[in-house]
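Asker: So that you have it, the file is structure.cif, and it contains mmCIF, C-alpha atoms (C1' of nucleotides):
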data_protein
loop_
_atom_site.label_atom_id
_atom_site.label_comp_id
_atom_site.auth_asym_id
_atom_site.auth_seq_id
_atom_site.Cartn_x
_atom_site.Cartn_y
_atom_site.Cartn_z
CA MET A 1243 -8.73 1.85 54.52
CA SER A 1244 -8.66 5.15 56.32
CA SER A 1245 -8.49 8.22 54.17
CA THR A 1246 -5.65 9.80 56.08
CA ALA A 1247 -3.35 6.84 55.60
CA ALA A 1248 -3.57 7.19 51.88
CA ILE A 1249 -1.28 5.11 49.74
CA SER A 1250 -0.46 7.59 47.04
CA VAL A 1251 1.59 10.52 48.21
CA ARG A 1252 0.50 12.80 45.37
CA LYS A 1253 2.81 15.77 45.59
CA LYS A 1254 1.89 19.10 44.13
CA SER A 1255 5.03 19.59 42.01
CA SER A 1256 3.69 22.35 39.81
CA ALA A 1257 6.60 24.45 38.62
CA ILE A 1258 9.57 22.45 37.49
CA LEU A 1259 11.64 22.99 34.38
CA HIS A 1260 8.88 23.88 31.98
CA ARG A 1261 11.34 23.89 29.17
CA HIS A 1262 8.84 23.47 26.35
CA PRO A 1263 7.29 26.56 24.83
CA ARG A 1264 5.82 23.86 22.59
CA ARG A 1265 5.95 24.33 18.91
CA THR A 1266 2.31 24.55 18.11
CA ARG A 1267 0.44 23.65 15.01
CA GLU A 1268 1.11 27.12 13.61
CA GLU A 1269 4.81 26.43 13.77
CA HIS A 1270 4.30 23.16 11.96
CA SER A 1271 2.32 24.77 9.18
CA GLN A 1272 4.92 27.53 9.03
CA GLU A 1273 7.54 24.87 8.37
CA THR A 1274 5.42 23.48 5.60
CA ALA A 1275 5.01 26.95 4.15
CA GLN A 1276 8.77 27.43 4.10
CA ASP A 1277 9.32 24.09 2.42
CA TYR A 1278 6.75 24.93 -0.21
CA VAL A 1279 7.99 28.41 -1.09
CA GLU A 1280 11.56 27.13 -1.17
CA ILE A 1281 10.64 24.43 -3.64
CA ILE A 1282 8.45 26.75 -5.68
CA ALA A 1283 11.32 29.23 -6.02
CA ASP A 1284 13.65 26.42 -6.98
CA LEU A 1285 11.23 25.08 -9.59
CA ILE A 1286 10.71 28.50 -11.13
CA GLY A 1287 14.45 29.01 -11.21
CA THR A 1288 15.31 25.70 -12.79
CA THR A 1289 12.33 24.79 -14.98
CA GLY A 1290 10.65 28.14 -15.54
CA GLU A 1291 7.48 27.42 -13.62
CA ALA A 1292 6.03 25.62 -10.63
CA ARG A 1293 3.12 23.22 -11.16
CA VAL A 1294 1.15 21.30 -8.58
CA ILE A 1295 2.34 18.03 -9.99
CA ASP A 1296 6.00 19.04 -9.68
CA LEU A 1297 5.58 19.95 -6.04
CA ALA A 1298 3.79 16.68 -5.44
CA ARG A 1299 6.67 14.75 -6.95
CA ARG A 1300 9.25 16.66 -4.97
CA LEU A 1301 7.40 16.22 -1.72
CA GLY A 1302 6.40 12.63 -2.30
CA VAL A 1303 2.71 13.29 -1.73
CA THR A 1304 -0.33 13.28 -3.99
CA HIS A 1305 -1.40 16.28 -6.00
CA VAL A 1306 -4.48 16.58 -3.83
CA THR A 1307 -2.45 17.29 -0.74
CA VAL A 1308 -0.38 19.86 -2.59
CA ALA A 1309 -3.43 21.56 -4.04
CA ARG A 1310 -5.01 21.97 -0.64
CA THR A 1311 -1.82 23.34 0.87
CA ILE A 1312 -1.42 25.77 -2.01
CA GLN A 1313 -4.92 27.05 -1.25
CA ARG A 1314 -3.85 27.70 2.32
CA LEU A 1315 -0.67 29.47 1.24
CA GLN A 1316 -2.77 31.57 -1.08
CA ARG A 1317 -5.07 32.50 1.83
CA GLU A 1318 -1.94 33.48 3.74
CA GLY A 1319 -0.70 35.65 0.89
CA LEU A 1320 2.44 33.71 0.06
CA VAL A 1321 1.52 32.47 -3.41
CA THR A 1322 -0.93 33.17 -6.21
CA ASN A 1323 -2.55 30.46 -8.25
CA ARG A 1324 -5.42 30.33 -10.72
CA PRO A 1325 -7.17 27.11 -11.77
CA TYR A 1326 -5.09 25.03 -14.19
CA ARG A 1327 -2.34 27.63 -14.11
CA SER A 1328 1.08 27.54 -12.54
CA ILE A 1329 1.98 28.84 -9.11
CA PHE A 1330 3.68 32.14 -8.43
CA LEU A 1331 5.23 33.61 -5.32
CA THR A 1332 3.99 36.91 -3.97
CA ALA A 1333 6.47 39.47 -2.70
CA SER A 1334 6.26 38.09 0.81
CA GLY A 1335 6.41 34.53 -0.46
CA SER A 1336 9.54 35.36 -2.41
CA LYS A 1337 11.09 37.01 0.64
CA LEU A 1338 10.32 33.98 2.77
CA SER A 1339 11.80 31.67 0.14
CA LYS A 1340 15.03 33.61 0.11
CA GLU A 1341 15.34 33.57 3.87
CA SER A 1342 14.60 29.85 3.99
CA ARG A 1343 17.06 29.20 1.22
CA ARG A 1344 19.82 31.07 2.98
CA ARG A 1345 19.13 29.29 6.24
CA HIS A 1346 19.09 25.96 4.46
CA GLU A 1347 22.40 26.60 2.74
CA ILE A 1348 24.08 27.63 5.96
CA VAL A 1349 22.91 24.51 7.75
CA VAL A 1350 24.07 22.27 4.91
CA GLN A 1351 27.50 23.87 4.71
CA PHE A 1352 27.84 23.80 8.45
CA LEU A 1353 27.07 20.10 8.64
CA GLU A 1354 29.46 19.38 5.80
CA SER A 1355 32.18 21.34 7.58
CA LEU A 1356 31.78 18.88 10.45
CA GLY A 1357 32.46 16.00 8.10
CA VAL A 1358 28.89 14.92 7.55
CA PRO A 1359 28.53 13.37 4.05
CA ALA A 1360 26.87 15.71 1.56
CA HIS A 1361 23.69 13.75 1.02
CA VAL A 1362 23.17 13.26 4.74
CA ALA A 1363 23.81 16.95 5.34
CA GLN A 1364 21.19 17.80 2.73
CA SER A 1365 18.61 15.52 4.21
CA ASP A 1366 19.25 16.45 7.86
CA ALA A 1367 19.22 20.13 6.99
CA GLU A 1368 15.67 19.72 5.73
CA GLY A 1369 14.51 19.04 9.24
CA ILE A 1370 17.02 21.03 11.24
CA GLU A 1371 16.71 24.34 9.41
CA HIS A 1372 13.27 24.99 10.85
CA HIS A 1373 14.50 24.74 14.42
CA VAL A 1374 17.61 26.88 14.30
CA SER A 1375 17.25 30.20 16.10
CA THR A 1376 19.04 33.30 14.87
CA GLU A 1377 21.59 32.91 17.67
CA THR A 1378 22.38 29.37 16.66
CA LEU A 1379 22.47 30.30 13.00
CA ARG A 1380 24.98 33.00 13.82
CA ALA A 1381 27.09 30.45 15.70
CA PHE A 1382 26.99 28.21 12.62
CA VAL A 1383 28.15 31.06 10.40
CA GLN A 1384 30.99 31.90 12.74
CA HIS A 1385 32.12 28.31 12.88
CA LEU A 1386 32.01 28.16 9.10
CA ARG A 1387 34.17 31.24 8.78
CA LYS A 1388 36.65 29.82 11.26
CA SER A 1389 36.92 26.48 9.51
CA LYS A 1390 37.32 28.18 6.13
CA ARG A 1391 40.14 30.29 7.50
CA ALA A 1392 41.78 27.21 8.97
CA LYS A 1393 41.61 25.54 5.60
CA LYS A 1394 43.21 28.45 3.77
CA ARG A 1395 45.99 28.90 6.26
CA PRO A 1396 46.93 25.51 7.70
CA PRO A 1397 48.48 25.57 11.19
CA PRO A 1398 52.29 26.05 11.03
CA MET B 1437 -4.97 31.14 -31.48
CA SER B 1438 -3.44 28.15 -33.16
CA SER B 1439 -2.60 25.20 -30.97
CA THR B 1440 0.91 24.81 -32.30
CA ALA B 1441 1.90 28.36 -31.42
CA ALA B 1442 1.10 27.72 -27.80
CA ILE B 1443 2.03 30.35 -25.29
CA SER B 1444 3.00 28.17 -22.37
CA VAL B 1445 6.07 26.06 -23.00
CA ARG B 1446 5.19 23.44 -20.42
CA LYS B 1447 8.29 21.31 -20.12
CA LYS B 1448 8.21 17.80 -18.77
CA SER B 1449 10.89 18.29 -16.09
CA SER B 1450 10.10 15.20 -14.07
CA ALA B 1451 13.24 14.15 -12.30
CA ILE B 1452 15.17 16.97 -10.73
CA LEU B 1453 16.70 17.02 -7.29
CA HIS B 1454 13.95 15.21 -5.44
CA ARG B 1455 15.70 15.96 -2.22
CA HIS B 1456 12.70 15.43 0.05
CA PRO B 1457 11.99 11.96 1.34
CA ARG B 1458 9.38 14.00 3.24
CA ARG B 1459 8.96 13.50 6.91
CA THR B 1460 5.53 11.98 6.97
CA ARG B 1461 2.89 12.10 9.63
CA GLU B 1462 4.36 9.01 11.25
CA GLU B 1463 7.61 10.87 11.77
CA HIS B 1464 5.75 13.72 13.35
CA SER B 1465 3.94 11.48 15.75
CA GLN B 1466 7.21 9.72 16.50
CA GLU B 1467 8.65 13.07 17.54
CA THR B 1468 5.70 13.62 19.81
CA ALA B 1469 6.18 10.17 21.30
CA GLN B 1470 9.82 10.94 22.04
CA ASP B 1471 8.94 14.24 23.68
CA TYR B 1472 6.34 12.55 25.83
CA VAL B 1473 8.44 9.63 27.05
CA GLU B 1474 11.33 12.00 27.73
CA ILE B 1475 9.14 14.20 29.90
CA ILE B 1476 7.49 11.23 31.59
CA ALA B 1477 10.89 9.82 32.53
CA ASP B 1478 11.96 13.20 33.81
CA LEU B 1479 8.80 13.64 35.88
CA ILE B 1480 9.13 10.20 37.40
CA GLY B 1481 12.75 10.92 38.21
CA THR B 1482 12.19 14.31 39.78
CA THR B 1483 8.73 14.13 41.34
CA GLY B 1484 8.16 10.41 41.71
CA GLU B 1485 5.32 10.11 39.25
CA ALA B 1486 3.94 11.40 35.96
CA ARG B 1487 0.40 12.72 35.86
CA VAL B 1488 -1.57 13.94 32.87
CA ILE B 1489 -1.77 17.40 34.34
CA ASP B 1490 2.00 17.64 34.77
CA LEU B 1491 2.56 16.72 31.16
CA ALA B 1492 -0.04 19.25 30.12
CA ARG B 1493 1.73 21.99 32.04
CA ARG B 1494 5.11 21.05 30.63
CA LEU B 1495 3.84 20.95 27.10
CA GLY B 1496 1.64 24.00 27.35
CA VAL B 1497 -1.45 22.19 26.12
CA THR B 1498 -4.69 21.14 27.78
CA HIS B 1499 -5.07 17.90 29.69
CA VAL B 1500 -7.42 16.68 27.00
CA THR B 1501 -4.74 16.74 24.36
CA VAL B 1502 -2.34 14.94 26.66
CA ALA B 1503 -4.89 12.31 27.62
CA ARG B 1504 -5.60 11.48 24.00
CA THR B 1505 -1.93 11.28 23.13
CA ILE B 1506 -1.29 9.04 26.12
CA GLN B 1507 -3.97 6.72 24.79
CA ARG B 1508 -2.12 6.54 21.53
CA LEU B 1509 1.20 5.88 23.22
CA GLN B 1510 -0.50 3.13 25.19
CA ARG B 1511 -1.78 1.61 21.95
CA GLU B 1512 1.78 1.74 20.68
CA GLY B 1513 3.09 0.01 23.79
CA LEU B 1514 5.24 2.85 25.11
CA VAL B 1515 3.32 3.62 28.30
CA THR B 1516 0.76 2.11 30.64
CA ASN B 1517 -1.99 4.12 32.24
CA ARG B 1518 -5.16 3.23 34.15
CA PRO B 1519 -8.02 5.68 34.73
CA TYR B 1520 -7.23 8.28 37.38
CA ARG B 1521 -3.81 6.72 37.94
CA SER B 1522 -0.38 7.96 37.01
CA ILE B 1523 1.51 7.10 33.86
CA PHE B 1524 4.29 4.53 33.62
CA LEU B 1525 6.78 3.73 30.91
CA THR B 1526 6.94 0.25 29.47
CA ALA B 1527 10.30 -1.34 28.79
CA SER B 1528 10.30 -0.04 25.24
CA GLY B 1529 9.07 3.36 26.39
CA SER B 1530 11.88 3.54 28.88
CA LYS B 1531 14.39 2.54 26.24
CA LEU B 1532 13.10 5.23 23.90
CA SER B 1533 13.24 7.82 26.66
CA LYS B 1534 16.87 7.03 27.35
CA GLU B 1535 17.83 7.24 23.71
CA SER B 1536 15.97 10.52 23.30
CA ARG B 1537 17.54 11.87 26.44
CA ARG B 1538 21.03 11.02 25.25
CA ARG B 1539 20.42 12.55 21.87
CA HIS B 1540 19.00 15.66 23.49
CA GLU B 1541 21.98 16.04 25.80
CA ILE B 1542 24.44 15.69 22.96
CA VAL B 1543 22.70 18.33 20.88
CA VAL B 1544 22.56 20.74 23.82
CA GLN B 1545 26.22 20.29 24.69
CA PHE B 1546 27.19 20.58 21.07
CA LEU B 1547 25.35 23.87 20.62
CA GLU B 1548 26.83 25.22 23.82
CA SER B 1549 30.29 24.26 22.62
CA LEU B 1550 29.67 26.55 19.65
CA GLY B 1551 28.97 29.44 21.99
CA VAL B 1552 25.19 29.32 21.86
CA PRO B 1553 23.73 30.53 25.19
CA ALA B 1554 22.48 27.73 27.41
CA HIS B 1555 18.79 28.58 27.32
CA VAL B 1556 18.83 28.98 23.55
CA ALA B 1557 20.69 25.70 23.20
CA GLN B 1558 18.06 23.99 25.33
CA SER B 1559 15.20 25.39 23.32
CA ASP B 1560 16.76 24.81 19.89
CA ALA B 1561 17.73 21.27 20.86
CA GLU B 1562 14.05 20.49 21.45
CA GLY B 1563 13.40 20.88 17.77
CA ILE B 1564 16.74 19.85 16.31
CA GLU B 1565 17.16 16.56 18.15
CA HIS B 1566 14.44 14.89 16.13
CA HIS B 1567 16.15 15.61 12.83
CA VAL B 1568 19.69 14.57 13.56
CA SER B 1569 20.74 11.37 11.83
CA THR B 1570 23.16 8.97 13.44
CA GLU B 1571 25.91 10.23 11.14
CA THR B 1572 25.35 13.82 12.17
CA LEU B 1573 25.07 12.85 15.81
CA ARG B 1574 28.41 11.10 15.53
CA ALA B 1575 29.91 14.24 14.00
CA PHE B 1576 28.53 16.25 16.93
CA VAL B 1577 30.13 13.86 19.41
CA GLN B 1578 33.46 14.03 17.64
CA HIS B 1579 33.40 17.79 17.58
CA LEU B 1580 32.57 17.79 21.29
CA ARG B 1581 35.50 15.54 22.06
CA LYS B 1582 37.79 17.75 20.03
CA SER B 1583 36.68 20.97 21.70
CA LYS B 1584 37.00 19.41 25.14
CA ARG B 1585 40.55 18.34 24.33
CA ALA B 1586 41.34 21.82 23.07
CA LYS B 1587 40.04 23.30 26.30
CA LYS B 1588 42.16 21.02 28.47
CA ARG B 1589 45.33 21.54 26.51
CA PRO B 1590 45.37 25.08 25.07
CA PRO B 1591 47.41 25.55 21.86
CA PRO B 1592 51.08 26.44 22.59
"C1'" DT C 297 -16.78 13.47 57.40
"C1'" DT C 298 -17.93 16.43 54.23
"C1'" DA C 299 -17.23 20.26 51.08
"C1'" DA C 300 -14.13 22.42 48.05
"C1'" DA C 301 -10.36 22.04 45.00
"C1'" DT C 302 -8.04 19.51 41.75
"C1'" DA C 303 -7.45 16.00 38.32
"C1'" DT C 304 -9.29 13.09 34.92
"C1'" DG C 305 -12.59 11.63 31.58
"C1'" DT C 306 -15.95 12.28 27.59
"C1'" DA C 307 -18.34 14.59 23.81
"C1'" DG C 308 -17.89 17.29 20.05
"C1'" DC C 309 -15.61 20.82 16.99
"C1'" DA C 310 -11.61 22.60 14.01
"C1'" DG C 311 -7.53 22.68 11.00
"C1'" DA C 312 -3.49 20.51 8.81
"C1'" DG C 313 -2.06 17.10 6.11
"C1'" DG C 314 -2.39 12.32 4.43
"C1'" DC C 315 -5.24 9.18 1.08
"C1'" DT C 316 -8.44 7.06 -3.05
"C1'" DA C 317 -11.75 7.56 -6.61
"C1'" DC C 318 -13.57 9.92 -10.07
"C1'" DA C 319 -14.62 14.16 -13.07
"C1'" DA C 320 -13.05 17.87 -15.90
"C1'" DA C 321 -9.62 20.74 -18.15
"C1'" DT C 322 -5.39 21.22 -20.51
"C1'" DT C 323 -1.55 19.78 -23.21
"C1'" DC C 324 0.65 16.81 -26.44
"C1'" DA C 325 1.20 13.91 -30.44
"C1'" DC C 326 -0.44 12.33 -34.46
"C1'" DG D 121 -8.30 18.96 -35.43
"C1'" DT D 122 -8.89 15.05 -32.67
"C1'" DG D 123 -7.89 11.63 -29.34
"C1'" DA D 124 -4.87 10.15 -25.76
"C1'" DA D 125 -2.07 11.42 -21.96
"C1'" DT D 126 -1.33 14.41 -18.39
"C1'" DT D 127 -2.69 17.68 -15.05
"C1'" DT D 128 -5.90 19.71 -12.08
"C1'" DG D 129 -10.05 19.80 -9.46
"C1'" DT D 130 -13.75 17.85 -6.24
"C1'" DA D 131 -15.88 14.71 -3.02
"C1'" DG D 132 -15.23 12.15 0.83
"C1'" DC D 133 -12.56 9.49 4.12
"C1'" DC D 134 -8.76 9.15 7.77
"C1'" DT D 135 -5.41 10.47 11.81
"C1'" DC D 136 -3.09 13.68 14.77
"C1'" DT D 137 -3.16 17.43 17.59
"C1'" DG D 138 -5.29 21.47 19.17
"C1'" DC D 139 -9.60 23.48 21.69
"C1'" DT D 140 -14.12 24.30 24.96
"C1'" DA D 141 -17.72 22.61 27.81
"C1'" DC D 142 -19.28 19.69 30.92
"C1'" DA D 143 -19.39 15.32 33.84
"C1'" DT D 144 -17.11 12.42 37.14
"C1'" DA D 145 -13.50 10.82 40.25
"C1'" DT D 146 -10.00 11.73 43.54
"C1'" DT D 147 -7.42 14.53 46.96
"C1'" DT D 148 -7.18 17.87 50.24
"C1'" DA D 149 -8.54 20.81 53.89
"C1'" DA D 150 -11.67 22.40 57.17
#
Once you've parsed the file, please lay out its structure as structure tokens.

Answerer:
Amino acid sequence: MSSTAAISVRKKSSAILHRHPRRTREEHSQETAQDYVEIIADLIGTTGEARVIDLARRLGVTHVTVARTIQRLQREGLVTNRPYRSIFLTASGSKLSKESRRRHEIVVQFLESLGVPAHVAQSDAEGIEHHVSTETLRAFVQHLRKSKRAKKRPPP
Amino acid sequence: MSSTAAISVRKKSSAILHRHPRRTREEHSQETAQDYVEIIADLIGTTGEARVIDLARRLGVTHVTVARTIQRLQREGLVTNRPYRSIFLTASGSKLSKESRRRHEIVVQFLESLGVPAHVAQSDAEGIEHHVSTETLRAFVQHLRKSKRAKKRPPP
DNA sequence: TTAAATATGTAGCAGAGGCTACAAATTCAC
DNA sequence: GTGAATTTGTAGCCTCTGCTACATATTTAA
């Protein structure tokens, strides 16, 4: 076959939508970090301390996985942990846990305000909270305020 | 120190909330699969074919990463791909792409209906769509219907 | 037609996050 | 205090998703 009468009409088509900034691995591990500090804060609040085994049970993974992740979080300055001792949050870890907690609560309440059953809202929020921008979070808060107002003062 | 007067009061504290079913690695790779088939369908629709390089540009990763992932998707029966040829969706890949597309559209429209700017809605939807259960998706659709009705017939 | 540009493939490395198996430390109960 | 149970650590394996460097195939343009 002649090369000019090629079958494939391979267009160049470089710049189309390009809508993905692509959440990279760093974003993934940042999500993990948030989950961890959130749970650690919760454990300290409810049981007095956070142990590797507790995290493992919460997360449904083995203690080995948790231990390795805790090492990483320690490298990143979010937690402190000495061998055979419990886990503590650093100042920045504590800050992150509070932010994550707030974000989580807002997402849960927002979903519930839409009529999503509580347990589903909880579980969906786990995943959603890491992908909600500040703009969207603000929109959630506004919607929450509106629906609370509507509840207090039913339409005449 | 005597062993009875222990300092640490290590409680047992096994079963607390346990709210994480924990999105495992499979879920992660399922998200990747959805992103890929969605983009492949879009590329085929807009440019006529899907090439590794196009996917790489869309995703902001190298062609090597894409090529390896395409191999996996081929193993999983979602796409077909021969060396130096373009990528096609199988029946199940096409089905998945349509479902993902629908889900994506709903999330975007829902966010926009809350007043989130279009580009933010697009970008947030990328992440959120993978974590929305069918219940929550249904709630989104209902809310959309309601807000569309409200727009057509403004309150007296 | 042939050379350059582009696209694809392959080899090999890294980090995150899974696992099992086994060793060692700590805590608990007697 | 001592032994059993529990917790933590270590070694070593896996997959997925990133990368660079380099080789090869295909397209494109002169």

Asker: Under the rule that only C-alpha atoms (C1' of nucleotides) are counted, which of A:Ile1286, A:Ala1381, A:Val1306, A:Leu1315 is the nearest residue to chain C?

Answerer: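 Answer, going by the shortest atom-to-atom distance: A:Val1306.
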
Asker: Translate the PyMOL selection byres ((chain D) within 8 of (chain B)) into a concrete residue list for this structure, as a PDB file with C-alpha atoms (C1' of nucleotides), in the frame of the given file.

Answerer:
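For reference, part04.pdb as written:
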ATOM      1  C1'  DC D 136      -3.090  13.680  14.770  1.00  0.00           C
ATOM      2  C1'  DT D 137      -3.160  17.430  17.590  1.00  0.00           C
ATOM      3  C1'  DG D 138      -5.290  21.470  19.170  1.00  0.00           C
ATOM      4  C1'  DA D 145     -13.500  10.820  40.250  1.00  0.00           C
ATOM      5  C1'  DT D 146     -10.000  11.730  43.540  1.00  0.00           C
TER       6       DT D 146
END

Asker: Between atom C1' of DG129 of chain D and atom CA of Ala1309 of chain A, what is the distance, to one decimal in Å?

Answerer: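 Interatomic distance here is 8.7 Å.
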
Asker: How would chain B read as a tab-separated table (two decimals) with C-alpha atoms, in the coordinates of the input after a least-squares superposition onto chain A over every Cα atom, matched in order?

Answerer:
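The resulting file, superposed_25.tsv, is reproduced below:
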chain	number	residue	atom	x	y	z
B	1437	MET	CA	-8.43	1.90	54.50
B	1438	SER	CA	-8.27	5.17	56.34
B	1439	SER	CA	-8.02	8.30	54.26
B	1440	THR	CA	-5.12	9.74	56.20
B	1441	ALA	CA	-2.91	6.72	55.62
B	1442	ALA	CA	-3.19	7.19	51.90
B	1443	ILE	CA	-1.03	5.07	49.68
B	1444	SER	CA	-0.28	7.54	46.93
B	1445	VAL	CA	1.78	10.49	48.06
B	1446	ARG	CA	0.61	12.78	45.28
B	1447	LYS	CA	2.87	15.79	45.50
B	1448	LYS	CA	1.93	19.14	44.06
B	1449	SER	CA	5.07	19.61	41.93
B	1450	SER	CA	3.72	22.35	39.71
B	1451	ALA	CA	6.63	24.40	38.52
B	1452	ILE	CA	9.62	22.39	37.42
B	1453	LEU	CA	11.69	22.94	34.32
B	1454	HIS	CA	8.90	23.84	31.95
B	1455	ARG	CA	11.35	23.79	29.13
B	1456	HIS	CA	8.81	23.41	26.33
B	1457	PRO	CA	7.29	26.51	24.83
B	1458	ARG	CA	5.86	23.81	22.54
B	1459	ARG	CA	5.99	24.27	18.84
B	1460	THR	CA	2.32	24.62	18.11
B	1461	ARG	CA	0.40	23.75	15.01
B	1462	GLU	CA	1.08	27.20	13.60
B	1463	GLU	CA	4.79	26.48	13.74
B	1464	HIS	CA	4.26	23.24	11.93
B	1465	SER	CA	2.30	24.87	9.17
B	1466	GLN	CA	4.92	27.60	8.99
B	1467	GLU	CA	7.52	24.91	8.33
B	1468	THR	CA	5.37	23.53	5.57
B	1469	ALA	CA	4.99	27.00	4.10
B	1470	GLN	CA	8.76	27.45	4.06
B	1471	ASP	CA	9.29	24.09	2.39
B	1472	TYR	CA	6.73	24.94	-0.25
B	1473	VAL	CA	7.98	28.41	-1.15
B	1474	GLU	CA	11.55	27.10	-1.22
B	1475	ILE	CA	10.61	24.39	-3.69
B	1476	ILE	CA	8.44	26.74	-5.74
B	1477	ALA	CA	11.33	29.18	-6.08
B	1478	ASP	CA	13.63	26.36	-7.04
B	1479	LEU	CA	11.22	25.00	-9.64
B	1480	ILE	CA	10.71	28.42	-11.17
B	1481	GLY	CA	14.45	28.91	-11.28
B	1482	THR	CA	15.30	25.57	-12.83
B	1483	THR	CA	12.31	24.69	-15.00
B	1484	GLY	CA	10.67	28.05	-15.58
B	1485	GLU	CA	7.48	27.35	-13.70
B	1486	ALA	CA	6.00	25.59	-10.68
B	1487	ARG	CA	3.11	23.21	-11.20
B	1488	VAL	CA	1.11	21.33	-8.59
B	1489	ILE	CA	2.30	18.03	-9.97
B	1490	ASP	CA	5.96	19.02	-9.69
B	1491	LEU	CA	5.52	19.95	-6.07
B	1492	ALA	CA	3.72	16.70	-5.45
B	1493	ARG	CA	6.59	14.72	-6.93
B	1494	ARG	CA	9.17	16.64	-4.95
B	1495	LEU	CA	7.31	16.22	-1.72
B	1496	GLY	CA	6.28	12.64	-2.28
B	1497	VAL	CA	2.61	13.33	-1.70
B	1498	THR	CA	-0.44	13.35	-3.96
B	1499	HIS	CA	-1.47	16.36	-6.00
B	1500	VAL	CA	-4.54	16.69	-3.82
B	1501	THR	CA	-2.51	17.40	-0.73
B	1502	VAL	CA	-0.43	19.94	-2.60
B	1503	ALA	CA	-3.46	21.65	-4.09
B	1504	ARG	CA	-5.05	22.10	-0.69
B	1505	THR	CA	-1.86	23.42	0.83
B	1506	ILE	CA	-1.43	25.85	-2.05
B	1507	GLN	CA	-4.90	27.15	-1.31
B	1508	ARG	CA	-3.84	27.81	2.23
B	1509	LEU	CA	-0.65	29.54	1.17
B	1510	GLN	CA	-2.75	31.67	-1.16
B	1511	ARG	CA	-5.02	32.60	1.74
B	1512	GLU	CA	-1.90	33.57	3.65
B	1513	GLY	CA	-0.66	35.72	0.79
B	1514	LEU	CA	2.49	33.76	-0.03
B	1515	VAL	CA	1.54	32.52	-3.50
B	1516	THR	CA	-0.89	33.21	-6.31
B	1517	ASN	CA	-2.52	30.48	-8.33
B	1518	ARG	CA	-5.40	30.38	-10.82
B	1519	PRO	CA	-7.17	27.16	-11.85
B	1520	TYR	CA	-5.12	25.04	-14.23
B	1521	ARG	CA	-2.33	27.62	-14.19
B	1522	SER	CA	1.08	27.51	-12.61
B	1523	ILE	CA	1.98	28.82	-9.19
B	1524	PHE	CA	3.71	32.13	-8.52
B	1525	LEU	CA	5.27	33.60	-5.42
B	1526	THR	CA	4.05	36.90	-4.08
B	1527	ALA	CA	6.54	39.45	-2.83
B	1528	SER	CA	6.30	38.11	0.69
B	1529	GLY	CA	6.45	34.53	-0.57
B	1530	SER	CA	9.58	35.33	-2.49
B	1531	LYS	CA	11.11	36.99	0.54
B	1532	LEU	CA	10.33	33.96	2.68
B	1533	SER	CA	11.80	31.64	0.07
B	1534	LYS	CA	15.05	33.56	0.04
B	1535	GLU	CA	15.34	33.55	3.80
B	1536	SER	CA	14.57	29.84	3.95
B	1537	ARG	CA	17.04	29.16	1.19
B	1538	ARG	CA	19.80	31.04	2.98
B	1539	ARG	CA	19.10	29.29	6.24
B	1540	HIS	CA	19.06	25.94	4.47
B	1541	GLU	CA	22.38	26.60	2.76
B	1542	ILE	CA	24.03	27.62	6.00
B	1543	VAL	CA	22.87	24.50	7.80
B	1544	VAL	CA	24.05	22.27	4.95
B	1545	GLN	CA	27.47	23.88	4.76
B	1546	PHE	CA	27.80	23.80	8.50
B	1547	LEU	CA	27.05	20.09	8.70
B	1548	GLU	CA	29.45	19.38	5.87
B	1549	SER	CA	32.14	21.35	7.66
B	1550	LEU	CA	31.74	18.89	10.53
B	1551	GLY	CA	32.44	16.00	8.19
B	1552	VAL	CA	28.86	14.91	7.61
B	1553	PRO	CA	28.51	13.41	4.11
B	1554	ALA	CA	26.86	15.73	1.61
B	1555	HIS	CA	23.68	13.75	1.04
B	1556	VAL	CA	23.15	13.26	4.77
B	1557	ALA	CA	23.78	16.95	5.36
B	1558	GLN	CA	21.18	17.80	2.73
B	1559	SER	CA	18.59	15.51	4.22
B	1560	ASP	CA	19.23	16.44	7.86
B	1561	ALA	CA	19.18	20.14	6.98
B	1562	GLU	CA	15.62	19.72	5.70
B	1563	GLY	CA	14.46	19.03	9.21
B	1564	ILE	CA	16.97	21.02	11.23
B	1565	GLU	CA	16.65	24.33	9.40
B	1566	HIS	CA	13.22	24.98	10.84
B	1567	HIS	CA	14.43	24.74	14.42
B	1568	VAL	CA	17.53	26.88	14.32
B	1569	SER	CA	17.17	30.19	16.12
B	1570	THR	CA	18.95	33.28	14.92
B	1571	GLU	CA	21.49	32.89	17.72
B	1572	THR	CA	22.30	29.34	16.71
B	1573	LEU	CA	22.40	30.29	13.06
B	1574	ARG	CA	24.90	33.00	13.90
B	1575	ALA	CA	27.01	30.45	15.77
B	1576	PHE	CA	26.91	28.20	12.69
B	1577	VAL	CA	28.09	31.05	10.48
B	1578	GLN	CA	30.91	31.89	12.84
B	1579	HIS	CA	32.04	28.31	13.00
B	1580	LEU	CA	31.96	28.16	9.20
B	1581	ARG	CA	34.11	31.25	8.92
B	1582	LYS	CA	36.56	29.82	11.40
B	1583	SER	CA	36.86	26.47	9.65
B	1584	LYS	CA	37.30	28.16	6.28
B	1585	ARG	CA	40.11	30.28	7.70
B	1586	ALA	CA	41.72	27.19	9.19
B	1587	LYS	CA	41.58	25.48	5.82
B	1588	LYS	CA	43.22	28.38	4.01
B	1589	ARG	CA	45.98	28.83	6.54
B	1590	PRO	CA	46.87	25.44	8.06
B	1591	PRO	CA	48.33	25.55	11.60
B	1592	PRO	CA	52.16	25.89	11.59

Asker: Apply the PyMOL selection byres ((chain C) within 12 of (chain B)) to the structure shown and report the selected residues as a ChimeraX atom specification.

Answerer: /C:302-307,312-314,322-325

Asker: Would you mind reading off the distance between atom CA of Tyr1278 of chain A and atom CA of Ala1469 of chain B, one decimal, in Å?

Answerer: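 The value is 26.1 Å.
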